[in-house]
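**Student:** Below is a structure I'd like to ask you about.
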Amino acid sequence: MPNFDLQIYAVLAQIPQGKVTTYGDVAKMAGYPRHARHVGKLLGTLPKDSRLPWFRVVNAKGMISLTGSRFTRQRELLLDDGVEVKENGAISMRRYRWDGEPA
């Protein structure tokens, strides 16, 4: 497994319950600034039974990027996690954004 993957997984594992972060923030925290798209692609390859909180990662606008049933699944997981998500997938980054600091 490439080092990039391991670094991204390590950051993902740290995102606290009830918080979200962006693809770009995950990349930056992992030591790969400007690799947000790579983070998105990697998250898309996680096994369905992965215990990593992939659903706590949203786009730079603070919105869910997925569509269809995947959008619905991510929104439901975030709601269950305690994050308010509007019908269109928008999240208050001011309230819920995780900056990488330990919880």
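By order of appearance in the structure tokens: chains A, B, ..., then residues from 1 within every chain, and ligands from 1 in the order shown.
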For range 71-77 of chain A, please output as a PDB file with C-alpha atoms, in the first residue's frame all residues within 12 Å (counting only C-alpha atoms; exclusion window: fewer than 6 positions along the same chain).

**Tutor:**
```
ATOM      1  CA  GLN A  17     -17.527  12.248  15.773  1.00  0.00           C
ATOM      2  CA  GLY A  18     -19.764  15.210  15.008  1.00  0.00           C
ATOM      3  CA  LYS A  19     -17.117  16.961  12.898  1.00  0.00           C
ATOM      4  CA  VAL A  20     -16.338  17.161   9.180  1.00  0.00           C
ATOM      5  CA  LYS A  48     -18.065  -1.048   1.956  1.00  0.00           C
ATOM      6  CA  PRO A  53     -15.227   7.631   8.845  1.00  0.00           C
ATOM      7  CA  TRP A  54     -15.090   8.524   5.138  1.00  0.00           C
ATOM      8  CA  PHE A  55     -18.488  10.171   5.433  1.00  0.00           C
ATOM      9  CA  ARG A  56     -16.994  12.991   7.544  1.00  0.00           C
ATOM     10  CA  VAL A  57     -15.186  14.362   4.469  1.00  0.00           C
ATOM     11  CA  VAL A  58     -16.971  16.936   2.299  1.00  0.00           C
ATOM     12  CA  MET A  63     -21.274  20.194   0.862  1.00  0.00           C
ATOM     13  CA  ILE A  64     -21.653  16.500   0.142  1.00  0.00           C
ATOM     14  CA  SER A  65     -20.199  15.822  -3.301  1.00  0.00           C
ATOM     15  CA  VAL A  83     -23.935  16.857  12.123  1.00  0.00           C
ATOM     16  CA  GLU A  84     -26.772  19.027  10.802  1.00  0.00           C
ATOM     17  CA  VAL A  85     -27.024  18.581   7.032  1.00  0.00           C
ATOM     18  CA  LYS A  86     -29.456  20.546   4.908  1.00  0.00           C
ATOM     19  CA  GLU A  87     -31.560  18.806   2.266  1.00  0.00           C
ATOM     20  CA  ASN A  88     -29.119  19.962  -0.432  1.00  0.00           C
ATOM     21  CA  GLY A  89     -26.148  18.497   1.459  1.00  0.00           C
ATOM     22  CA  ALA A  90     -24.812  21.762   2.892  1.00  0.00           C
ATOM     23  CA  ILE A  91     -23.082  21.770   6.272  1.00  0.00           C
TER      24      ILE A  91
END
```

**Student:** Which polymer residues have any atom within 12 Å of an atom of Tyr32 in chain A, counting only C-alpha atoms, with same-chain residues fewer than 2 positions away left out, as a PyMOL selection string?

**Tutor:** chain A and resi 3-8+11+23-30+34-39

**Student:** If you run DSSP on the backbone, which residues of chain A are strand (DSSP E or B), as an NGL selection string?

**Tutor:** :A and (20-22 or 57-58 or 63 or 90 or 97)

**Student:** Mind writing the picked residues with N, CA and C atoms as an mmCIF file, in the first residue's frame?

**Tutor:**
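The result, stored in out33.cif:
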```
data_model
loop_
_atom_site.group_PDB
_atom_site.id
_atom_site.type_symbol
_atom_site.label_atom_id
_atom_site.label_comp_id
_atom_site.auth_asym_id
_atom_site.auth_seq_id
_atom_site.Cartn_x
_atom_site.Cartn_y
_atom_site.Cartn_z
ATOM 1 N N VAL A 20 -16.644 17.457 10.579
ATOM 2 C CA VAL A 20 -16.338 17.161 9.180
ATOM 3 C C VAL A 20 -15.081 17.928 8.800
ATOM 4 N N THR A 21 -14.470 17.506 7.729
ATOM 5 C CA THR A 21 -13.344 18.222 7.160
ATOM 6 C C THR A 21 -13.435 18.087 5.642
ATOM 7 N N THR A 22 -12.586 18.786 4.942
ATOM 8 C CA THR A 22 -12.657 18.754 3.475
ATOM 9 C C THR A 22 -11.611 17.807 2.894
ATOM 10 N N VAL A 57 -15.963 13.546 5.403
ATOM 11 C CA VAL A 57 -15.186 14.362 4.469
ATOM 12 C C VAL A 57 -16.134 14.916 3.407
ATOM 13 N N VAL A 58 -16.092 16.241 3.245
ATOM 14 C CA VAL A 58 -16.971 16.936 2.299
ATOM 15 C C VAL A 58 -16.131 17.846 1.405
ATOM 16 N N MET A 63 -20.131 20.939 1.370
ATOM 17 C CA MET A 63 -21.274 20.194 0.862
ATOM 18 C C MET A 63 -20.876 18.758 0.525
ATOM 19 N N ALA A 90 -25.669 20.719 2.333
ATOM 20 C CA ALA A 90 -24.812 21.762 2.892
ATOM 21 C C ALA A 90 -24.646 21.590 4.402
ATOM 22 N N ARG A 97 -16.569 22.167 11.265
ATOM 23 C CA ARG A 97 -15.263 21.871 10.648
ATOM 24 C C ARG A 97 -14.229 21.455 11.685
#
```

**Student:** Can you measure CA of Leu79 in chain A to CA of Gly44 in chain A for me? One decimal in Å is fine.

**Tutor:**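 Computing it gives 20.4 Å between the two atoms.
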
**Student:** Could you check which of A:Leu78, A:Met93, A:Leu46, A:Lys41 is closest to Ala60 in chain A, using only C-alpha atoms?

**Tutor:** A:Met93

**Student:** When you draw a straight line from CA of Asp49 in chain A to CA of Trp98 in chain A, how long is it in Å?

**Tutor:**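 Result for CA of Asp49 in chain A versus CA of Trp98 in chain A: 23.9 Å, one decimal.
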
**Student:** I'd like to know which residues of chain A are helix (DSSP H, G or I) (by DSSP, run on the backbone); could you write them as a CSV table (one decimal) with all heavy atoms, in the first residue's frame?

**Tutor:**
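As a result, out31.csv now contains:
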```csv
chain,number,residue,atom,x,y,z
A,3,ASN,N,2.5,4.9,0.6
A,3,ASN,CA,2.5,5.8,1.7
A,3,ASN,C,1.4,6.8,1.7
A,3,ASN,O,0.9,7.1,2.8
A,3,ASN,CB,3.9,6.5,1.8
A,3,ASN,CG,4.1,7.2,3.1
A,3,ASN,OD1,3.9,6.7,4.2
A,3,ASN,ND2,4.6,8.4,3.0
A,4,PHE,N,1.1,7.3,0.6
A,4,PHE,CA,0.0,8.3,0.5
A,4,PHE,C,-1.3,7.7,1.1
A,4,PHE,O,-1.9,8.4,1.9
A,4,PHE,CB,-0.3,8.7,-1.0
A,4,PHE,CG,-1.5,9.5,-1.2
A,4,PHE,CD1,-1.4,10.9,-1.1
A,4,PHE,CD2,-2.7,9.0,-1.6
A,4,PHE,CE1,-2.5,11.7,-1.3
A,4,PHE,CE2,-3.8,9.8,-1.8
A,4,PHE,CZ,-3.7,11.2,-1.6
A,5,ASP,N,-1.6,6.5,0.7
A,5,ASP,CA,-2.8,5.9,1.2
A,5,ASP,C,-2.8,5.8,2.7
A,5,ASP,O,-3.8,6.1,3.4
A,5,ASP,CB,-3.0,4.5,0.7
A,5,ASP,CG,-3.2,4.4,-0.8
A,5,ASP,OD1,-3.1,5.5,-1.5
A,5,ASP,OD2,-3.5,3.3,-1.4
A,6,LEU,N,-1.7,5.3,3.3
A,6,LEU,CA,-1.6,5.2,4.7
A,6,LEU,C,-1.7,6.5,5.5
A,6,LEU,O,-2.3,6.6,6.5
A,6,LEU,CB,-0.2,4.6,5.1
A,6,LEU,CG,0.0,3.1,4.6
A,6,LEU,CD1,1.4,2.6,5.0
A,6,LEU,CD2,-1.1,2.2,5.3
A,7,GLN,N,-1.1,7.6,4.9
A,7,GLN,CA,-1.2,8.9,5.5
A,7,GLN,C,-2.6,9.4,5.5
A,7,GLN,O,-3.1,10.0,6.5
A,7,GLN,CB,-0.3,9.9,4.8
A,7,GLN,CG,1.2,9.6,5.0
A,7,GLN,CD,1.6,9.8,6.4
A,7,GLN,OE1,1.9,8.8,7.1
A,7,GLN,NE2,1.7,11.0,6.9
A,8,ILE,N,-3.3,9.2,4.4
A,8,ILE,CA,-4.7,9.6,4.3
A,8,ILE,C,-5.6,8.8,5.3
A,8,ILE,O,-6.4,9.4,6.0
A,8,ILE,CB,-5.3,9.4,2.9
A,8,ILE,CG1,-4.5,10.3,1.9
A,8,ILE,CG2,-6.8,9.7,2.8
A,8,ILE,CD1,-4.5,11.8,2.2
A,9,TYR,N,-5.4,7.5,5.4
A,9,TYR,CA,-6.2,6.7,6.3
A,9,TYR,C,-5.9,7.2,7.8
A,9,TYR,O,-6.8,7.2,8.6
A,9,TYR,CB,-5.8,5.2,6.2
A,9,TYR,CG,-6.2,4.6,4.9
A,9,TYR,CD1,-5.5,3.5,4.4
A,9,TYR,CD2,-7.2,5.2,4.1
A,9,TYR,CE1,-5.8,3.0,3.2
A,9,TYR,CE2,-7.5,4.6,2.9
A,9,TYR,CZ,-6.8,3.5,2.4
A,9,TYR,OH,-7.2,2.9,1.2
A,10,ALA,N,-4.7,7.5,8.1
A,10,ALA,CA,-4.3,8.0,9.4
A,10,ALA,C,-5.1,9.3,9.8
A,10,ALA,O,-5.6,9.4,10.9
A,10,ALA,CB,-2.8,8.2,9.5
A,11,VAL,N,-5.2,10.2,8.8
A,11,VAL,CA,-5.9,11.4,9.1
A,11,VAL,C,-7.4,11.1,9.2
A,11,VAL,O,-8.1,11.6,10.2
A,11,VAL,CB,-5.7,12.5,8.0
A,11,VAL,CG1,-6.6,13.7,8.1
A,11,VAL,CG2,-4.2,12.9,7.9
A,12,LEU,N,-7.9,10.3,8.4
A,12,LEU,CA,-9.4,9.9,8.4
A,12,LEU,C,-9.7,9.4,9.8
A,12,LEU,O,-10.8,9.7,10.4
A,12,LEU,CB,-9.7,8.9,7.4
A,12,LEU,CG,-10.0,9.3,6.0
A,12,LEU,CD1,-10.3,8.1,5.1
A,12,LEU,CD2,-11.1,10.3,5.9
A,13,ALA,N,-8.9,8.5,10.3
A,13,ALA,CA,-9.1,7.8,11.6
A,13,ALA,C,-9.2,8.8,12.7
A,13,ALA,O,-9.8,8.5,13.8
A,13,ALA,CB,-8.1,6.8,11.8
A,14,GLN,N,-8.7,10.0,12.6
A,14,GLN,CA,-8.6,11.0,13.6
A,14,GLN,C,-9.8,11.9,13.7
A,14,GLN,O,-10.0,12.7,14.6
A,14,GLN,CB,-7.4,11.8,13.6
A,14,GLN,CG,-6.1,11.0,13.8
A,14,GLN,CD,-4.9,11.9,13.6
A,14,GLN,OE1,-4.8,12.9,14.1
A,14,GLN,NE2,-4.0,11.4,12.7
A,23,TYR,N,-11.8,17.4,1.6
A,23,TYR,CA,-10.8,16.6,0.9
A,23,TYR,C,-9.5,17.3,0.9
A,23,TYR,O,-8.5,16.7,1.2
A,23,TYR,CB,-11.3,16.4,-0.5
A,23,TYR,CG,-12.6,15.6,-0.6
A,23,TYR,CD1,-13.8,16.2,-0.9
A,23,TYR,CD2,-12.6,14.2,-0.5
A,23,TYR,CE1,-14.9,15.5,-1.0
A,23,TYR,CE2,-13.8,13.5,-0.6
A,23,TYR,CZ,-15.0,14.2,-0.9
A,23,TYR,OH,-16.1,13.5,-1.0
A,24,GLY,N,-9.5,18.6,0.7
A,24,GLY,CA,-8.2,19.4,0.7
A,24,GLY,C,-7.6,19.4,2.0
A,24,GLY,O,-6.3,19.3,2.1
A,25,ASP,N,-8.4,19.6,3.1
A,25,ASP,CA,-7.8,19.6,4.4
A,25,ASP,C,-7.2,18.2,4.8
A,25,ASP,O,-6.1,18.2,5.4
A,25,ASP,CB,-8.9,19.9,5.5
A,25,ASP,CG,-9.3,21.4,5.5
A,25,ASP,OD1,-8.5,22.2,4.9
A,25,ASP,OD2,-10.3,21.7,6.1
A,26,VAL,N,-7.8,17.1,4.4
A,26,VAL,CA,-7.3,15.8,4.7
A,26,VAL,C,-5.9,15.7,4.0
A,26,VAL,O,-4.9,15.2,4.5
A,26,VAL,CB,-8.2,14.7,4.2
A,26,VAL,CG1,-7.6,13.3,4.3
A,26,VAL,CG2,-9.5,14.7,5.1
A,27,ALA,N,-5.9,16.1,2.7
A,27,ALA,CA,-4.6,16.0,1.9
A,27,ALA,C,-3.5,16.8,2.6
A,27,ALA,O,-2.4,16.3,2.7
A,27,ALA,CB,-4.9,16.5,0.5
A,28,LYS,N,-3.9,18.0,3.0
A,28,LYS,CA,-2.9,18.9,3.6
A,28,LYS,C,-2.4,18.3,4.9
A,28,LYS,O,-1.2,18.3,5.2
A,28,LYS,CB,-3.5,20.3,3.8
A,28,LYS,CG,-2.6,21.4,4.3
A,28,LYS,CD,-3.3,22.7,4.4
A,28,LYS,CE,-2.3,23.8,4.9
A,28,LYS,NZ,-3.0,25.1,5.0
A,29,MET,N,-3.3,17.9,5.8
A,29,MET,CA,-2.9,17.3,7.1
A,29,MET,C,-2.0,16.0,6.9
A,29,MET,O,-1.2,15.7,7.7
A,29,MET,CB,-4.2,16.9,7.9
A,29,MET,CG,-4.9,18.1,8.4
A,29,MET,SD,-6.4,17.5,9.3
A,29,MET,CE,-7.6,18.7,8.8
A,36,ALA,N,-6.4,17.1,-3.2
A,36,ALA,CA,-7.8,16.8,-2.7
A,36,ALA,C,-8.5,15.8,-3.6
A,36,ALA,O,-9.2,14.9,-3.1
A,36,ALA,CB,-8.6,18.1,-2.7
A,37,ARG,N,-8.3,15.9,-4.9
A,37,ARG,CA,-8.9,14.9,-5.8
A,37,ARG,C,-8.4,13.5,-5.6
A,37,ARG,O,-9.2,12.6,-5.7
A,37,ARG,CB,-8.6,15.3,-7.3
A,37,ARG,CG,-9.4,16.5,-7.7
A,37,ARG,CD,-9.1,16.8,-9.2
A,37,ARG,NE,-9.7,18.1,-9.6
A,37,ARG,CZ,-10.9,18.2,-10.2
A,37,ARG,NH1,-11.6,17.2,-10.5
A,37,ARG,NH2,-11.3,19.4,-10.5
A,38,HIS,N,-7.1,13.4,-5.3
A,38,HIS,CA,-6.6,12.1,-5.0
A,38,HIS,C,-7.2,11.5,-3.7
A,38,HIS,O,-7.5,10.3,-3.6
A,38,HIS,CB,-5.1,12.1,-4.8
A,38,HIS,CG,-4.3,12.5,-6.0
A,38,HIS,ND1,-4.9,12.8,-7.2
A,38,HIS,CD2,-3.0,12.7,-6.3
A,38,HIS,CE1,-4.0,13.1,-8.1
A,38,HIS,NE2,-2.8,13.1,-7.6
A,39,VAL,N,-7.5,12.4,-2.7
A,39,VAL,CA,-8.2,11.9,-1.5
A,39,VAL,C,-9.6,11.4,-1.9
A,39,VAL,O,-10.0,10.3,-1.4
A,39,VAL,CB,-8.3,13.0,-0.5
A,39,VAL,CG1,-9.2,12.6,0.7
A,39,VAL,CG2,-6.9,13.4,0.0
A,40,GLY,N,-10.3,12.1,-2.7
A,40,GLY,CA,-11.6,11.7,-3.1
A,40,GLY,C,-11.6,10.4,-3.8
A,40,GLY,O,-12.4,9.5,-3.6
A,41,LYS,N,-10.7,10.2,-4.7
A,41,LYS,CA,-10.5,8.9,-5.4
A,41,LYS,C,-10.2,7.8,-4.5
A,41,LYS,O,-10.8,6.7,-4.6
A,41,LYS,CB,-9.5,9.0,-6.5
A,41,LYS,CG,-9.9,9.9,-7.7
A,41,LYS,CD,-8.9,9.9,-8.8
A,41,LYS,CE,-9.3,10.9,-9.9
A,41,LYS,NZ,-9.0,10.4,-11.2
A,42,LEU,N,-9.3,8.0,-3.5
A,42,LEU,CA,-9.0,7.0,-2.6
A,42,LEU,C,-10.2,6.6,-1.7
A,42,LEU,O,-10.5,5.4,-1.5
A,42,LEU,CB,-7.8,7.4,-1.7
A,42,LEU,CG,-7.4,6.4,-0.6
A,42,LEU,CD1,-6.8,5.2,-1.3
A,42,LEU,CD2,-6.3,7.1,0.2
A,43,LEU,N,-10.9,7.6,-1.3
A,43,LEU,CA,-12.1,7.3,-0.4
A,43,LEU,C,-13.1,6.5,-1.2
A,43,LEU,O,-13.9,5.7,-0.7
A,43,LEU,CB,-12.8,8.6,0.1
A,43,LEU,CG,-11.9,9.4,1.0
A,43,LEU,CD1,-12.7,10.6,1.6
A,43,LEU,CD2,-11.3,8.6,2.1
A,54,TRP,N,-15.2,7.8,6.4
A,54,TRP,CA,-15.1,8.5,5.1
A,54,TRP,C,-16.2,9.6,5.0
A,54,TRP,O,-16.0,10.6,4.3
A,54,TRP,CB,-15.2,7.5,4.0
A,54,TRP,CG,-16.5,6.7,4.0
A,54,TRP,CD1,-16.7,5.6,4.7
A,54,TRP,CD2,-17.7,7.1,3.5
A,54,TRP,NE1,-18.0,5.2,4.6
A,54,TRP,CE2,-18.7,6.2,3.8
A,54,TRP,CE3,-18.1,8.2,2.7
A,54,TRP,CZ2,-20.0,6.2,3.4
A,54,TRP,CZ3,-19.5,8.3,2.3
A,54,TRP,CH2,-20.4,7.3,2.7
A,55,PHE,N,-17.3,9.3,5.6
A,55,PHE,CA,-18.5,10.2,5.4
A,55,PHE,C,-18.3,11.5,6.1
A,55,PHE,O,-19.1,12.5,5.8
A,55,PHE,CB,-19.7,9.5,6.0
A,55,PHE,CG,-19.6,9.1,7.4
A,55,PHE,CD1,-20.0,10.0,8.4
A,55,PHE,CD2,-19.1,7.9,7.8
A,55,PHE,CE1,-19.9,9.6,9.8
A,55,PHE,CE2,-19.0,7.5,9.1
A,55,PHE,CZ,-19.4,8.4,10.1
A,56,ARG,N,-17.3,11.7,6.9
A,56,ARG,CA,-17.0,13.0,7.5
A,56,ARG,C,-16.2,13.9,6.7
A,56,ARG,O,-15.7,15.0,7.1
A,56,ARG,CB,-16.3,12.8,8.9
A,56,ARG,CG,-17.1,12.0,9.9
A,56,ARG,CD,-16.4,11.8,11.2
A,56,ARG,NE,-17.3,11.0,12.1
A,56,ARG,CZ,-16.8,10.2,13.0
A,56,ARG,NH1,-15.5,10.0,13.2
A,56,ARG,NH2,-17.7,9.5,13.8
A,68,GLY,N,-27.1,10.7,-5.8
A,68,GLY,CA,-28.0,9.6,-5.7
A,68,GLY,C,-28.0,8.9,-4.4
A,68,GLY,O,-28.0,9.5,-3.3
A,69,SER,N,-28.0,7.6,-4.4
A,69,SER,CA,-28.0,6.8,-3.1
A,69,SER,C,-26.8,7.0,-2.3
A,69,SER,O,-26.9,6.9,-1.0
A,69,SER,CB,-28.2,5.3,-3.4
A,69,SER,OG,-27.1,4.8,-4.1
A,70,ARG,N,-25.7,7.3,-2.9
A,70,ARG,CA,-24.5,7.6,-2.1
A,70,ARG,C,-24.6,8.9,-1.3
A,70,ARG,O,-24.1,9.0,-0.2
A,70,ARG,CB,-23.2,7.6,-3.0
A,70,ARG,CG,-23.0,6.2,-3.6
A,70,ARG,CD,-21.8,6.0,-4.5
A,70,ARG,NE,-21.5,7.2,-5.3
A,70,ARG,CZ,-20.4,7.6,-5.8
A,70,ARG,NH1,-19.3,6.8,-5.6
A,70,ARG,NH2,-20.2,8.6,-6.6
A,71,PHE,N,-25.2,9.9,-1.9
A,71,PHE,CA,-25.5,11.2,-1.3
A,71,PHE,C,-26.4,10.9,0.0
A,71,PHE,O,-26.1,11.3,1.1
A,71,PHE,CB,-26.2,12.1,-2.2
A,71,PHE,CG,-26.8,13.4,-1.5
A,71,PHE,CD1,-26.0,14.5,-1.4
A,71,PHE,CD2,-28.0,13.3,-1.0
A,71,PHE,CE1,-26.5,15.6,-0.8
A,71,PHE,CE2,-28.5,14.5,-0.3
A,71,PHE,CZ,-27.8,15.6,-0.2
A,72,THR,N,-27.4,10.1,-0.3
A,72,THR,CA,-28.4,9.8,0.8
A,72,THR,C,-27.7,9.1,2.0
A,72,THR,O,-27.9,9.4,3.1
A,72,THR,CB,-29.6,9.0,0.3
A,72,THR,OG1,-30.2,9.7,-0.8
A,72,THR,CG2,-30.6,8.7,1.4
A,73,ARG,N,-26.8,8.1,1.6
A,73,ARG,CA,-26.1,7.4,2.6
A,73,ARG,C,-25.2,8.3,3.4
A,73,ARG,O,-25.2,8.2,4.7
A,73,ARG,CB,-25.3,6.2,2.0
A,73,ARG,CG,-24.6,5.4,3.0
A,73,ARG,CD,-24.0,4.1,2.3
A,73,ARG,NE,-23.3,3.3,3.3
A,73,ARG,CZ,-22.0,3.0,3.2
A,73,ARG,NH1,-21.3,3.3,2.1
A,73,ARG,NH2,-21.4,2.3,4.1
A,74,GLN,N,-24.4,9.1,2.8
A,74,GLN,CA,-23.5,10.0,3.5
A,74,GLN,C,-24.3,11.0,4.4
A,74,GLN,O,-23.9,11.2,5.5
A,74,GLN,CB,-22.6,10.8,2.5
A,74,GLN,CG,-21.6,11.6,3.3
A,74,GLN,CD,-20.6,12.3,2.4
A,74,GLN,OE1,-20.7,12.2,1.2
A,74,GLN,NE2,-19.6,12.9,3.0
A,75,ARG,N,-25.4,11.5,3.9
A,75,ARG,CA,-26.2,12.5,4.6
A,75,ARG,C,-26.7,11.8,5.9
A,75,ARG,O,-26.7,12.3,7.0
A,75,ARG,CB,-27.3,13.0,3.8
A,75,ARG,CG,-28.1,14.1,4.5
A,75,ARG,CD,-29.1,14.8,3.6
A,75,ARG,NE,-29.8,15.8,4.3
A,75,ARG,CZ,-30.9,15.6,5.0
A,75,ARG,NH1,-31.5,14.5,5.0
A,75,ARG,NH2,-31.5,16.7,5.6
A,76,GLU,N,-27.2,10.6,5.7
A,76,GLU,CA,-27.8,9.8,6.9
A,76,GLU,C,-26.7,9.5,7.9
A,76,GLU,O,-27.0,9.7,9.1
A,76,GLU,CB,-28.5,8.6,6.4
A,76,GLU,CG,-29.8,8.8,5.7
A,76,GLU,CD,-30.4,7.6,5.1
A,76,GLU,OE1,-29.8,6.5,5.1
A,76,GLU,OE2,-31.5,7.7,4.5
A,77,LEU,N,-25.5,9.1,7.5
A,77,LEU,CA,-24.4,8.8,8.4
A,77,LEU,C,-24.0,10.1,9.1
A,77,LEU,O,-23.8,10.1,10.4
A,77,LEU,CB,-23.3,8.2,7.6
A,77,LEU,CG,-23.4,6.8,7.2
A,77,LEU,CD1,-22.3,6.4,6.2
A,77,LEU,CD2,-23.5,5.8,8.3
A,78,LEU,N,-24.0,11.2,8.5
A,78,LEU,CA,-23.6,12.5,9.1
A,78,LEU,C,-24.7,12.9,10.1
A,78,LEU,O,-24.4,13.3,11.2
A,78,LEU,CB,-23.4,13.6,8.1
A,78,LEU,CG,-22.1,13.5,7.3
A,78,LEU,CD1,-22.1,14.5,6.2
A,78,LEU,CD2,-20.9,13.7,8.2
A,79,LEU,N,-25.9,12.8,9.8
A,79,LEU,CA,-27.0,13.1,10.7
A,79,LEU,C,-26.9,12.2,11.9
A,79,LEU,O,-27.1,12.7,13.1
A,79,LEU,CB,-28.4,13.0,10.0
A,79,LEU,CG,-28.7,14.0,8.9
A,79,LEU,CD1,-29.9,13.6,8.1
A,79,LEU,CD2,-28.9,15.4,9.5
A,80,ASP,N,-26.7,10.9,11.7
A,80,ASP,CA,-26.6,10.0,12.9
A,80,ASP,C,-25.3,10.4,13.7
A,80,ASP,O,-25.3,10.1,14.9
A,80,ASP,CB,-26.4,8.5,12.4
A,80,ASP,CG,-27.7,8.0,11.8
A,80,ASP,OD1,-28.8,8.6,12.0
A,80,ASP,OD2,-27.6,6.9,11.1
A,93,MET,N,-19.7,24.9,8.0
A,93,MET,CA,-18.3,24.6,8.3
A,93,MET,C,-17.9,25.4,9.5
A,93,MET,O,-17.0,24.9,10.2
A,93,MET,CB,-17.5,24.9,7.1
A,93,MET,CG,-17.8,23.9,5.9
A,93,MET,SD,-17.6,22.2,6.3
A,93,MET,CE,-15.8,22.0,6.2
A,94,ARG,N,-18.5,26.5,9.7
A,94,ARG,CA,-18.1,27.3,10.9
A,94,ARG,C,-18.4,26.5,12.2
A,94,ARG,O,-17.6,26.5,13.1
A,94,ARG,CB,-18.9,28.6,10.9
A,94,ARG,CG,-18.6,29.5,12.1
A,94,ARG,CD,-19.4,30.8,12.1
A,94,ARG,NE,-19.0,31.6,10.9
A,94,ARG,CZ,-19.8,32.4,10.3
A,94,ARG,NH1,-21.0,32.5,10.7
A,94,ARG,NH2,-19.4,33.0,9.2
A,95,ARG,N,-19.4,25.7,12.2
A,95,ARG,CA,-19.9,25.0,13.4
A,95,ARG,C,-19.2,23.6,13.4
A,95,ARG,O,-18.9,23.1,14.5
A,95,ARG,CB,-21.4,24.8,13.3
A,95,ARG,CG,-21.9,24.1,14.5
A,95,ARG,CD,-23.4,24.2,14.6
A,95,ARG,NE,-23.9,23.4,15.7
A,95,ARG,CZ,-25.2,23.2,15.9
A,95,ARG,NH1,-26.1,23.6,15.1
A,95,ARG,NH2,-25.6,22.5,17.0
A,96,TYR,N,-19.1,22.9,12.3
A,96,TYR,CA,-18.7,21.5,12.3
A,96,TYR,C,-17.3,21.2,11.8
A,96,TYR,O,-16.8,20.0,11.9
A,96,TYR,CB,-19.7,20.7,11.5
A,96,TYR,CG,-21.0,20.7,12.2
A,96,TYR,CD1,-22.1,21.4,11.6
A,96,TYR,CD2,-21.3,19.9,13.3
A,96,TYR,CE1,-23.3,21.4,12.2
A,96,TYR,CE2,-22.6,20.0,13.9
A,96,TYR,CZ,-23.6,20.7,13.3
A,96,TYR,OH,-24.8,20.7,13.9
```

**Student:** Have a look at A:Pro2, A:Gly100, A:Gly31, A:Thr67 and name the one nearest to Ile15 in chain A; count only C-alpha atoms.

**Tutor:** A:Gly100
